[in-house]
>>> print(open('final19.cif').read())   # mmCIF, C-alpha atoms
data_protein
loop_
_atom_site.label_atom_id
_atom_site.label_comp_id
_atom_site.auth_asym_id
_atom_site.auth_seq_id
_atom_site.Cartn_x
_atom_site.Cartn_y
_atom_site.Cartn_z
CA MET I 1100 95.55 5.97 -101.10
CA ARG I 1101 91.85 6.69 -101.51
CA ARG I 1102 91.42 6.62 -97.74
CA ARG I 1103 94.30 9.08 -97.34
CA VAL I 1104 92.67 11.49 -99.80
CA LYS I 1105 89.34 11.10 -98.02
CA ASP I 1106 90.94 11.73 -94.62
CA ALA I 1107 92.71 14.82 -95.91
CA MET I 1108 89.50 16.18 -97.44
CA GLU I 1109 87.69 15.58 -94.16
CA ALA I 1110 90.48 17.40 -92.32
CA ASN I 1111 90.15 20.30 -94.75
CA GLU I 1112 86.40 20.33 -94.14
CA THR I 1113 86.92 20.31 -90.38
CA ASP I 1114 89.19 23.35 -90.69
CA LEU I 1115 86.54 25.13 -92.72
CA VAL I 1116 83.86 24.29 -90.13
CA ARG I 1117 86.02 25.64 -87.32
CA SER I 1118 86.70 28.85 -89.25
CA ALA I 1119 83.01 29.23 -90.05
CA MET I 1120 82.11 28.74 -86.39
CA ASP I 1121 84.60 31.49 -85.56
CA GLY I 1122 82.62 33.81 -87.80
CA ASP I 1123 84.45 33.40 -91.11
CA ALA I 1124 81.64 33.79 -93.65
CA HIS I 1125 83.97 32.93 -96.51
CA ALA I 1126 84.69 29.53 -94.94
CA PHE I 1127 80.97 28.95 -94.54
CA GLY I 1128 80.52 29.81 -98.20
CA GLU I 1129 83.16 27.24 -99.18
CA LEU I 1130 81.42 24.58 -97.10
CA ILE I 1131 78.10 25.31 -98.75
CA GLN I 1132 79.71 25.15 -102.18
CA ILE I 1133 81.04 21.65 -101.47
CA TYR I 1134 77.52 20.37 -100.92
CA ASP I 1135 75.32 22.70 -102.95
CA THR I 1136 74.70 20.39 -105.89
CA ARG I 1137 73.95 17.37 -103.74
CA THR I 1138 71.64 19.18 -101.33
CA LEU I 1139 69.77 20.90 -104.14
CA GLN I 1140 69.35 17.60 -105.99
CA ILE I 1141 67.92 16.00 -102.86
CA ALA I 1142 65.57 18.93 -102.24
CA PHE I 1143 64.49 18.69 -105.87
CA GLY I 1144 63.85 14.96 -105.48
CA ILE I 1145 61.64 15.55 -102.45
CA THR I 1146 59.68 18.58 -103.60
CA GLY I 1147 59.39 17.57 -107.27
CA ASN I 1148 59.73 21.08 -108.64
CA MET I 1149 62.57 23.52 -108.90
CA ALA I 1150 60.93 26.56 -107.33
CA ASP I 1151 60.20 24.70 -104.08
CA ALA I 1152 63.59 22.99 -104.14
CA GLU I 1153 65.28 26.37 -104.41
CA ASP I 1154 63.22 27.73 -101.53
CA ALA I 1155 64.02 24.69 -99.39
CA TRP I 1156 67.70 24.92 -100.21
CA GLN I 1157 67.96 28.64 -99.49
CA ASP I 1158 65.97 28.35 -96.25
CA GLY I 1159 68.19 25.43 -95.25
CA VAL I 1160 71.41 27.33 -95.91
CA VAL I 1161 70.21 30.36 -93.94
CA LYS I 1162 69.12 28.10 -91.09
CA ALA I 1163 72.49 26.30 -91.12
CA TYR I 1164 74.27 29.65 -90.93
CA THR I 1165 72.18 30.94 -88.04
CA GLN I 1166 72.37 27.63 -86.17
CA LEU I 1167 76.02 26.86 -86.86
CA SER I 1168 76.89 27.24 -83.19
CA SER I 1169 74.61 24.29 -82.44
CA PHE I 1170 76.59 22.00 -84.80
CA ARG I 1171 78.45 19.63 -82.47
CA MET I 1172 80.64 18.00 -85.12
CA GLU I 1173 79.23 14.61 -84.19
CA SER I 1174 78.53 13.97 -87.87
CA ARG I 1175 79.98 15.30 -91.12
CA PHE I 1176 78.99 18.86 -91.92
CA GLY I 1177 77.43 17.59 -95.15
CA THR I 1178 75.18 15.19 -93.25
CA TRP I 1179 74.08 17.96 -90.90
CA LEU I 1180 73.43 20.39 -93.75
CA THR I 1181 71.59 17.75 -95.77
CA ARG I 1182 69.39 17.03 -92.77
CA ILE I 1183 68.45 20.71 -92.48
CA VAL I 1184 67.69 21.04 -96.20
CA ILE I 1185 65.62 17.82 -96.12
CA ASN I 1186 63.56 19.18 -93.22
CA GLN I 1187 62.91 22.39 -95.13
CA ALA I 1188 61.91 20.40 -98.22
CA LEU I 1189 59.58 18.19 -96.18
CA ASN I 1190 57.99 21.27 -94.58
CA ILE I 1191 57.39 22.84 -97.96
CA LYS I 1192 56.04 19.59 -99.35
CA ARG I 1193 53.61 19.29 -96.45
CA ARG I 1194 52.56 22.94 -96.66
CA ARG I 1195 51.95 23.12 -100.34
CA LYS I 1196 50.84 19.62 -101.31
CA VAL I 1197 53.21 20.09 -104.14
CA HIS I 1198 51.98 20.32 -107.68
CA VAL I 1199 53.48 18.59 -110.66
CA ALA I 1200 55.43 21.22 -112.51
CA ASP I 1201 53.69 22.53 -115.58
CA GLU I 1202 55.08 22.48 -119.08
CA GLY I 1203 56.99 25.73 -118.67
CA ASP I 1204 58.97 24.55 -115.65
CA ALA I 1205 62.03 22.40 -115.41
CA VAL I 1206 60.77 19.06 -114.16
CA PHE I 1207 62.77 15.92 -113.48
CA GLU I 1208 65.11 16.03 -116.37
CA THR I 1209 68.04 13.94 -117.33
CA LEU I 1210 70.43 16.01 -119.35
CA PRO I 1211 70.63 14.49 -122.80
CA SER I 1212 74.10 13.47 -123.88
CA TYR I 1213 75.73 15.68 -126.47
CA ASP I 1214 75.15 13.22 -129.25
CA ALA I 1215 71.60 12.36 -128.22
CA SER I 1216 69.19 12.24 -131.11
CA PRO I 1217 65.87 14.14 -130.90
CA GLU I 1218 64.20 10.75 -130.40
CA ASP I 1219 66.46 10.04 -127.41
CA ILE I 1220 65.61 13.41 -125.92
CA LEU I 1221 61.90 12.81 -126.34
CA GLU I 1222 62.30 9.39 -124.77
CA THR I 1223 64.16 10.91 -121.80
CA GLN I 1224 61.48 13.53 -121.33
CA HIS I 1225 58.72 10.95 -121.45
CA LEU I 1226 60.56 8.78 -118.93
CA SER I 1227 61.09 11.73 -116.60
CA ASP I 1228 57.44 12.69 -116.64
CA HIS I 1229 56.55 9.12 -115.84
CA ILE I 1230 58.90 9.12 -112.84
CA VAL I 1231 57.38 12.37 -111.58
CA ASP I 1232 53.90 10.88 -111.76
CA SER I 1233 55.00 7.71 -109.99
CA MET I 1234 56.72 9.52 -107.16
CA GLU I 1235 53.60 11.58 -106.52
CA ALA I 1236 52.10 8.41 -105.03
CA LEU I 1237 54.70 8.45 -102.24
CA SER I 1238 54.32 10.31 -98.97
CA ALA I 1239 56.85 13.07 -98.30
CA ARG I 1240 58.98 10.85 -96.04
CA GLU I 1241 58.75 7.84 -98.34
CA ARG I 1242 59.85 10.07 -101.16
CA ALA I 1243 62.77 11.44 -99.12
CA VAL I 1244 63.97 7.94 -98.24
CA PHE I 1245 63.57 6.72 -101.83
CA VAL I 1246 65.53 9.68 -103.22
CA LEU I 1247 68.31 9.30 -100.62
CA LYS I 1248 68.59 5.53 -101.03
CA HIS I 1249 67.70 4.78 -104.62
CA MET I 1250 69.15 7.84 -106.31
CA HIS I 1251 71.94 8.93 -103.95
CA GLY I 1252 72.93 5.54 -102.50
CA PHE I 1253 73.20 6.61 -98.86
CA LYS I 1254 73.28 3.83 -96.27
CA LEU I 1255 70.14 3.36 -94.20
CA ARG I 1256 71.99 4.41 -91.04
CA GLU I 1257 73.03 7.68 -92.72
CA ILE I 1258 69.47 8.34 -93.83
CA ALA I 1259 68.29 7.69 -90.28
CA VAL I 1260 70.63 10.46 -89.07
CA MET I 1261 69.45 12.82 -91.81
CA LEU I 1262 65.79 12.21 -91.06
CA ASP I 1263 66.34 12.02 -87.30
CA CYS I 1264 64.55 8.71 -86.88
CA ALA I 1265 65.36 5.06 -86.18
CA GLU I 1266 66.97 2.91 -88.85
CA GLY I 1267 64.01 0.52 -88.63
CA THR I 1268 61.66 3.37 -89.48
CA VAL I 1269 63.78 4.23 -92.52
CA LYS I 1270 63.59 0.60 -93.64
CA ASN I 1271 59.81 0.67 -93.42
CA TYR I 1272 59.61 3.87 -95.46
CA LEU I 1273 61.90 2.28 -98.04
CA PHE I 1274 59.81 -0.91 -98.26
CA ARG I 1275 56.62 1.09 -98.74
CA ALA I 1276 58.21 3.41 -101.29
CA VAL I 1277 59.63 0.55 -103.36
CA ARG I 1278 56.29 -1.28 -103.35
CA LYS I 1279 54.45 1.82 -104.50
CA MET I 1280 57.01 2.59 -107.18
CA ARG I 1281 56.94 -0.98 -108.49
CA THR I 1282 53.18 -0.87 -108.66
CA SER I 1283 52.89 2.49 -110.35
CA LEU I 1284 55.66 1.82 -112.88
CA SER I 1285 54.55 -1.70 -113.74
CA MET E 413 57.73 -25.42 -100.37
CA LYS E 414 57.38 -22.34 -98.24
CA CYS E 415 59.95 -19.59 -98.90
CA GLU E 416 61.87 -18.55 -95.81
CA TYR E 417 62.69 -15.07 -97.13
CA THR E 418 60.45 -12.03 -97.42
CA GLU E 419 60.20 -9.29 -100.01
CA GLU E 420 61.88 -6.99 -97.47
CA ASP E 421 64.94 -9.24 -97.39
CA LEU E 422 65.19 -8.98 -101.17
CA ILE E 423 64.84 -5.19 -101.09
CA LEU E 424 67.65 -4.97 -98.52
CA LEU E 425 69.80 -7.22 -100.72
CA PHE E 426 68.99 -5.08 -103.75
CA TYR E 427 70.17 -1.95 -101.91
CA ASP E 428 73.30 -3.66 -100.55
CA GLU E 429 72.12 -3.51 -96.94
CA VAL E 430 72.88 -7.11 -95.96
CA ASP E 431 76.17 -8.48 -94.70
CA ALA E 432 78.40 -10.67 -96.86
CA SER E 433 77.36 -14.05 -95.42
CA GLU E 434 73.66 -13.20 -95.69
CA ARG E 435 74.22 -12.05 -99.27
CA VAL E 436 75.75 -15.40 -100.23
CA LYS E 437 72.84 -17.31 -98.68
CA LEU E 438 70.22 -15.08 -100.28
CA GLU E 439 71.78 -15.20 -103.72
CA ALA E 440 71.99 -18.99 -103.56
CA HIS E 441 68.36 -19.11 -102.49
CA ILE E 442 67.21 -16.85 -105.31
CA GLN E 443 68.67 -19.29 -107.83
CA GLN E 444 66.35 -21.98 -106.45
CA CYS E 445 63.21 -19.92 -105.75
CA PRO E 446 61.03 -18.72 -108.66
CA ALA E 447 59.04 -16.34 -106.43
CA CYS E 448 62.18 -14.57 -105.18
CA ARG E 449 63.59 -14.46 -108.72
CA LYS E 450 60.43 -12.71 -109.85
CA VAL E 451 60.72 -10.04 -107.13
CA THR E 452 64.41 -9.55 -107.93
CA ALA E 453 63.60 -9.12 -111.61
CA GLU E 454 60.97 -6.52 -110.71
CA LEU E 455 63.49 -4.61 -108.63
CA ASP E 456 65.93 -4.67 -111.54
CA ALA E 457 63.15 -3.38 -113.76
CA LEU E 458 62.52 -0.55 -111.29
CA SER E 459 66.16 0.49 -111.58
CA SER E 460 65.98 0.53 -115.33
CA ARG E 461 62.91 2.78 -115.16
CA VAL E 462 64.22 5.02 -112.37
CA PRO E 463 68.01 5.26 -112.77
CA ARG E 464 70.02 4.85 -109.60
CA ARG E 465 71.85 8.12 -109.84
CA PRO E 466 71.10 11.65 -108.64
CA LEU E 467 68.70 13.66 -110.71
CA VAL E 468 70.53 15.95 -113.07
CA ILE E 469 69.12 19.39 -112.56
CA GLU E 470 68.83 21.63 -115.52
CA ARG E 471 68.29 25.18 -114.49
CA LEU E 472 65.14 26.95 -115.53
CA ARG E 473 65.45 28.50 -118.90
CA PRO E 474 63.36 28.90 -122.01
CA ARG E 475 63.08 25.68 -123.98
CA ARG E 476 64.00 27.31 -127.26
CA LEU E 477 67.49 28.07 -125.93
CA ARG E 478 68.05 24.64 -124.57
CA MET E 479 70.06 22.75 -127.15
CA VAL E 480 72.19 25.60 -128.46
CA PRO E 481 74.57 25.83 -125.51
CA LEU E 482 74.83 22.04 -125.39
CA ILE E 483 76.08 21.84 -128.94
CA ARG E 484 78.53 24.67 -128.43
CA TRP E 485 79.65 23.15 -125.15
CA ALA E 486 80.57 19.93 -126.86
CA SER E 487 82.87 21.67 -129.32
CA VAL E 488 84.49 23.90 -126.73
CA ALA E 489 85.05 20.98 -124.41
CA ALA E 490 86.73 19.09 -127.23
CA VAL E 491 89.06 22.00 -127.98
CA VAL E 492 89.95 22.50 -124.33
CA LEU E 493 90.56 18.82 -123.81
CA LEU E 494 92.85 18.79 -126.80
CA ALA E 495 94.75 21.81 -125.48
CA PHE E 496 94.90 20.14 -122.08
CA GLN E 497 96.38 16.96 -123.53
CA LEU E 498 98.84 18.95 -125.67
CA GLY E 499 99.86 20.88 -122.57
CA ARG E 500 100.55 17.61 -120.83
CA MET E 501 102.65 16.31 -123.69
CA MET E 502 104.57 19.58 -123.99
CA SER E 503 105.41 19.58 -120.31
CA GLN E 504 106.98 16.15 -120.16
CA PRO E 505 110.31 16.00 -118.30
CA HIS E 506 112.59 16.60 -121.27
CA ASP E 507 110.89 19.94 -121.88
CA THR E 508 110.94 21.37 -118.40
CA GLY E 509 114.65 21.94 -118.14
CA ALA E 510 114.52 20.10 -114.85
CA GLU E 511 114.42 16.39 -114.20
CA LEU E 512 110.79 16.63 -113.12
CA ALA E 513 108.89 13.40 -113.68
CA ARG E 514 105.69 13.57 -111.66
CA VAL E 515 104.22 15.68 -108.88
CA GLN E 516 103.30 13.41 -105.98
CA ASP E 517 101.86 15.76 -103.38
CA VAL E 518 101.06 19.41 -102.79
CA GLU E 519 100.69 20.90 -99.35
CA LEU E 520 99.85 24.42 -98.25
CA VAL E 521 101.89 25.55 -95.26
CA GLY E 522 99.26 27.00 -92.92
CA GLN E 523 98.29 30.57 -93.79
CA THR E 524 101.88 31.53 -94.63
CA GLY E 525 101.43 31.73 -98.39
CA LEU E 526 104.08 29.02 -98.71
CA VAL E 527 103.47 25.83 -100.59
CA ARG E 528 105.38 22.54 -100.43
CA VAL E 529 105.50 20.32 -103.50
CA GLN E 530 106.82 16.77 -103.48
CA TYR E 531 107.83 15.49 -106.88
CA ASP E 532 109.75 12.65 -108.43
CA ALA E 533 112.92 13.32 -110.29
CA VAL E 534 115.41 10.51 -110.35
CA HIS E 535 114.52 10.23 -106.69
CA PRO E 536 111.56 11.82 -104.88
CA ARG E 537 112.19 15.46 -104.00
CA THR E 538 110.44 18.17 -102.06
CA THR E 539 110.72 21.86 -102.71
CA GLU E 540 109.18 24.77 -100.84
CA GLY E 541 108.60 28.36 -101.83
CA THR E 542 106.13 31.18 -102.11
CA VAL E 543 103.13 30.76 -104.37
CA ASP E 544 104.02 34.03 -106.12
CA ASP E 545 107.24 32.51 -107.42
CA ALA E 546 107.05 31.79 -111.17
CA ASP E 547 108.93 28.47 -110.90
CA MET E 548 106.63 27.34 -108.12
CA GLN E 549 103.64 28.24 -110.27
CA GLN E 550 105.11 26.18 -113.09
CA LEU E 551 105.38 23.24 -110.69
CA LEU E 552 101.81 23.75 -109.50
CA GLY E 553 100.73 23.84 -113.13
CA GLN E 554 102.39 20.43 -113.50
CA ALA E 555 100.42 19.21 -110.51
CA LEU E 556 97.28 20.18 -112.41
CA SER E 557 98.44 18.73 -115.70
CA PHE E 558 99.82 15.37 -114.72
CA ASP E 559 97.72 12.55 -113.38
CA SER E 560 97.98 13.82 -109.83
CA SER E 561 95.69 12.74 -107.04
CA PRO E 562 92.41 14.67 -106.67
CA LEU E 563 93.70 16.15 -103.42
CA SER E 564 96.93 17.37 -105.01
CA ARG E 565 94.98 18.94 -107.86
CA MET E 566 92.69 20.69 -105.38
CA ARG E 567 95.60 22.00 -103.32
CA ALA E 568 97.53 23.10 -106.40
CA ALA E 569 94.49 24.96 -107.71
CA ARG E 570 93.94 26.51 -104.28
CA ALA E 571 97.57 27.62 -104.06
CA LEU E 572 97.34 29.23 -107.50
CA SER E 573 94.10 30.96 -106.50
CA MET E 574 96.07 32.69 -103.73
CA ALA E 575 98.97 33.67 -106.00
CA GLN E 576 99.80 36.66 -108.10
CA ILE E 577 100.02 34.54 -111.22
CA SER E 578 102.70 35.37 -113.72
CA PRO E 579 101.51 35.00 -117.32
CA ASN E 580 102.49 31.46 -118.29
CA PRO E 581 100.64 29.60 -121.06
CA SER E 582 101.18 26.16 -119.56
CA VAL E 583 99.77 27.25 -116.18
CA THR E 584 96.75 29.02 -117.66
CA SER E 585 96.11 26.09 -120.02
CA ALA E 586 96.24 23.68 -117.08
CA LEU E 587 93.85 25.87 -115.07
CA GLU E 588 91.43 26.03 -118.00
CA GLY E 589 91.63 22.26 -118.35
CA ILE E 590 90.83 21.80 -114.67
CA LEU E 591 87.95 24.27 -114.92
CA VAL E 592 86.34 22.14 -117.62
CA THR E 593 87.28 18.61 -116.63
CA ASP E 594 87.87 18.24 -112.88
CA PRO E 595 85.05 16.34 -111.18
CA ASN E 596 85.62 18.13 -107.86
CA ALA E 597 83.67 21.41 -107.64
CA ALA E 598 86.06 22.84 -105.05
CA THR E 599 89.02 22.28 -107.39
CA ARG E 600 87.14 23.87 -110.29
CA LEU E 601 86.24 26.82 -108.08
CA HIS E 602 89.88 27.39 -107.09
CA ALA E 603 90.89 27.25 -110.76
CA MET E 604 88.14 29.76 -111.55
CA LYS E 605 89.39 32.10 -108.80
CA ALA E 606 92.96 31.87 -110.10
CA LEU E 607 91.91 32.63 -113.68
CA GLN E 608 89.61 35.42 -112.53
CA GLN E 609 92.43 37.06 -110.65
CA LEU E 610 94.80 36.67 -113.59
CA HIS E 611 92.35 38.38 -115.93
CA GLU E 612 91.69 41.34 -113.68
CA THR E 613 94.62 42.98 -115.38
CA THR E 614 94.93 41.12 -118.68
CA PRO E 615 92.30 40.69 -121.41
CA LEU E 616 90.40 37.43 -121.68
CA SER E 617 91.80 34.89 -124.12
CA ALA E 618 89.37 33.58 -126.71
CA SER E 619 89.56 30.07 -125.27
CA LEU E 620 88.77 31.18 -121.72
CA ARG E 621 85.97 33.42 -122.96
CA ASP E 622 84.31 30.45 -124.68
CA ILE E 623 84.73 28.34 -121.56
CA LEU E 624 83.18 31.02 -119.36
CA LEU E 625 80.22 31.47 -121.72
CA ASP E 626 79.49 27.78 -121.35
CA LEU E 627 80.08 27.70 -117.61
CA VAL E 628 77.46 30.41 -117.02
CA VAL E 629 74.92 28.14 -118.69
CA LYS E 630 76.11 24.68 -117.73
CA GLU E 631 78.16 24.71 -114.53
CA PRO E 632 76.20 23.18 -111.62
CA ASN E 633 78.17 25.03 -108.93
CA THR E 634 76.64 28.40 -108.12
CA ALA E 635 79.85 30.11 -107.05
CA ILE E 636 81.60 29.17 -110.28
CA ARG E 637 78.68 30.38 -112.41
CA MET E 638 78.72 33.64 -110.47
CA ARG E 639 82.44 34.17 -110.98
CA ALA E 640 82.28 33.16 -114.63
CA LEU E 641 79.54 35.70 -115.26
CA ASP E 642 81.37 38.36 -113.28
CA THR E 643 84.57 37.82 -115.27
CA LEU E 644 82.68 37.93 -118.57
CA THR E 645 80.75 41.09 -117.78
CA ARG E 646 83.93 42.85 -116.69
CA SER E 647 85.71 41.94 -119.90
CA ASP E 648 83.82 44.64 -121.87
CA VAL E 649 83.46 42.41 -124.91
CA ALA E 650 79.88 42.91 -126.05
CA SER E 651 78.63 40.28 -128.47
CA MET E 652 75.42 38.53 -129.45
CA GLU E 653 76.83 35.41 -127.87
CA LEU E 654 77.25 37.15 -124.53
CA ALA E 655 73.76 38.67 -124.81
CA HIS E 656 72.36 35.20 -125.41
CA VAL E 657 74.15 33.81 -122.36
CA LEU E 658 72.98 36.76 -120.26
CA GLU E 659 69.39 35.99 -121.23
CA VAL E 660 69.84 32.45 -119.97
CA ALA E 661 71.59 33.67 -116.81
CA ALA E 662 68.66 36.01 -116.15
CA THR E 663 66.62 32.86 -115.44
CA ASP E 664 69.27 31.30 -113.16
CA LEU E 665 68.29 29.73 -109.85
CA ASN E 666 70.48 32.11 -107.94
CA PRO E 667 69.07 35.61 -107.36
CA HIS E 668 72.51 37.27 -107.44
CA ILE E 669 73.23 35.78 -110.85
CA ARG E 670 69.81 36.83 -112.12
CA PHE E 671 70.41 40.37 -110.87
CA GLN E 672 73.92 40.47 -112.32
CA ALA E 673 72.68 39.23 -115.70
CA GLU E 674 69.72 41.58 -115.79
CA SER E 675 71.95 44.54 -114.93
CA ALA E 676 74.35 43.59 -117.71
CA LEU E 677 71.46 43.21 -120.16
CA VAL E 678 70.27 46.72 -119.32
CA GLU E 679 73.74 48.00 -120.21
CA PHE E 680 73.53 46.08 -123.48
CA ASP E 681 70.31 47.87 -124.36
#
>>> encode(input="final19.cif", output="structure tokens")
Amino acid sequence: MRRRVKDAMEANETDLVRSAMDGDAHAFGELIQIYDTRTLQIAFGITGNMADAEDAWQDGVVKAYTQLSSFRMESRFGTWLTRIVINQALNIKRRRKVHVADEGDAVFETLPSYDASPEDILETQHLSDHIVDSMEALSARERAVFVLKHMHGFKLREIAVMLDCAEGTVKNYLFRAVRKMRTSLS
Amino acid sequence: MKCEYTEEDLILLFYDEVDASERVKLEAHIQQCPACRKVTAELDALSSRVPRRPLVIERLRPRRLRMVPLIRWASVAAVVLLAFQLGRMMSQPHDTGAELARVQDVELVGQTGLVRVQYDAVHPRTTEGTVDDADMQQLLGQALSFDSSPLSRMRAARALSMAQISPNPSVTSALEGILVTDPNAATRLHAMKALQQLHETTPLSASLRDILLDLVVKEPNTAIRMRALDTLTRSDVASMELAHVLEVAATDLNPHIRFQAESALVEFD
């Protein structure tokens, strides 16, 4: 049953991609909406601050729109879009040597549950700041792999497609990232 | 005794990147090997420090406003959920006038504006008709209200978003329920479109207004936030609550929403 639903959703997505490639901007908009939260979360994970994540995401969407004719449908549209957004995020990260967001910005935040006590919220905030600091020790690519694997649960082969590199290379980034994170959080 | 496994093997096991037979061997080995147990424990500790789920992004907004919408959201969500459940109870088979038991599947027929709904009565049945038909809308509302599959809910919401919806409390209640509870953003967006279209000509209900106020602040999907704000600002109901939400929306990630909110705030002044 679950597979049938998945197949039907993929078929729906394929229809949208075809319409978008035929110039239907509305269909492109629907495709972007399917993946906007995920791609923005990933960009946020890589850049570490919302302003850069937003820039990366917007640049990625514009690039996807202008390069849609080059999409060969060899992978899911979401994988292709995520790859573009990741590249934009990595470029921004390299260019800016990203800063840790200051107190006035939204940083890595976990939304407190509705019944969270003020102490819980403080705890969450403290934890988030700690994670931000720890991830600063990772290189941009290590960070991308860690976010995609640890937080989003993608398979290594999917990450290899997104980062356009060999699966073995992804493994090495993951090993290094995990070692660094264990060290800095211990 | 020298351990035959490396830290890398344990990391791959931790991230479920080994095949089943290798997993069995590794897990048996870990039971016997203190060094590997220590690494595994450290990896577990890493997961407790850095949760293995996507980062929840809270949009930029002034800290002082932060908790207010959350508290209000909780109460509105509770009310809507209650209405949603009541709607489900009210629309059980004995109330529908038909022998409807459960909607099994919804299918849009190409671009024809026709929709095909398969449902169980005494035996499974299929009916087909235009989405503008009031009975069909009632059936689509059932598809939203019952425990349908995610795909059926998405298609039902999409069909309703293309319809000229006749005022029908059970359909609007089901759409509002979907807008608040459905995990699929595309389904929520279709429900938003349907409700937006419905309220182009009719005034906003109090329940939908409260939902929209919260969506502008809380909804992660940009298109839904945009439509929620658009529907609210067109409703001509000026209130301190709306002004407050507009202030938050003026700091939204999306430039269109910021512009829309700032324009509406100027009109407030």
>>> closest_residue(input="final19.cif", among="E:Glu454, E:Glu679, E:Glu631, E:Asp626", to="Thr645 of chain E", atoms="only C-alpha atoms")
E:Glu679
>>> axis_aligned_box(input="final19.cif", around="segment 1252-1265 of chain I", padding_each_side="3 Å", output="AutoDock Vina command-line options")
--center_x 68.9 --center_y 8.1 --center_z -94.3 --size_x 14.7 --size_y 15.5 --size_z 22.3
>>> resolve_selection(input="final19.cif", expression="the PyMOL selection byres ((chain I and resi 1282-1284) around 12)", output="list in words")
Leu1226, Ser1227, Asp1228, His1229, Ile1230, Val1231, Asp1232, Ser1233, Met1234, Glu1235, Ala1236, Leu1237, Arg1275, Ala1276, Val1277, Arg1278, Lys1279, Met1280, Arg1281 and Ser1285 of chain I; Val451, Glu454, Leu455, Ala457, Leu458, Ser459, Ser460, Arg461 and Val462 of chain E
>>> closest_residue(input="final19.cif", among="E:Leu438, E:Ala453, E:Leu587, E:Ala640", to="chain I", atoms="all atoms listed in the file")
E:Ala453
>>> closest_residue(input="final19.cif", among="I:Thr1181, I:Gln1187, I:Ser1168, I:Asn1271", to="chain E", atoms="only C-alpha atoms")
I:Asn1271
>>> atom_distance(input="final19.cif", atom1="atom CA of Gly1147 of chain I", atom2="atom CA of Arg1182 of chain I")
17.6 Å
>>> residues_near_point(input="final19.cif", point="(85.7, 30.3, -114.3)", cutoff="9 Å", atoms="all atoms listed in the file", output="list in words")
Glu588, Leu591, Val592, Arg600, Leu601, His602, Ala603, Met604, Lys605, Ala606, Leu607, Gln608, Leu620, Ile623, Leu624, Leu627, Val628, Ile636, Arg637, Met638, Arg639, Ala640, Leu641 and Thr643 of chain E
>>> resolve_selection(input="final19.cif", expression="the PyMOL selection byres ((chain I and resi 1252-1260) around 10)", output="count of residues only")
32
>>> resolve_selection(input="final19.cif", expression="the PyMOL selection byres ((chain I and resi 1239) around 8)", output="list in words")
Ile1145, Leu1189, Lys1192, Arg1193, Leu1237, Ser1238, Arg1240, Glu1241, Arg1242 and Ala1243 of chain I
>>> atom_distance(input="final19.cif", atom1="atom CA of Ala568 of chain E", atom2="atom CA of Leu552 of chain E")
5.3 Å
>>> closest_residue(input="final19.cif", among="I:Ala1163, I:Leu1180, I:Ala1142, I:Ile1133", to="chain E", atoms="only C-alpha atoms")
I:Ile1133
>>> atom_distance(input="final19.cif", atom1="atom CA of Asn596 of chain E", atom2="atom CA of Leu654 of chain E")
26.6 Å
>>> residues_around(input="final19.cif", residues="Glu1112 of chain I", least_positions_apart="6", cutoff="10 Å", atoms="only C-alpha atoms", output="compact mmCIF listing (two decimals) with C-alpha atoms, keeping the file's coordinate frame")
# COMPACT_ATOMS: atom_id res chain seq x y z
CA ASP I 1106 90.94 11.73 -94.62
CA SER I 1118 86.70 28.85 -89.25
CA ALA I 1126 84.69 29.53 -94.94
CA GLU I 1129 83.16 27.24 -99.18
CA LEU I 1130 81.42 24.58 -97.10
CA ILE I 1133 81.04 21.65 -101.47
CA ARG I 1175 79.98 15.30 -91.12
CA PHE I 1176 78.99 18.86 -91.92
CA GLY I 1177 77.43 17.59 -95.15
>>> closest_residue(input="final19.cif", among="E:Pro463, E:Pro632, E:Pro595, E:Pro667", to="Leu563 of chain E", atoms="all atoms listed in the file")
E:Pro595
>>> closest_residue(input="final19.cif", among="E:His611, E:His656, E:Arg646, E:Arg570", to="chain I", atoms="all atoms listed in the file")
E:Arg570
>>> residues_around(input="final19.cif", residues="Thr634 of chain E", least_positions_apart="5", cutoff="10 Å", atoms="only C-alpha atoms", output="VMD selection string")
(chain I and resid 1131 to 1132 1135 to 1136) or (chain E and resid 597 601 628 639 to 640 664 to 666 668 to 669)
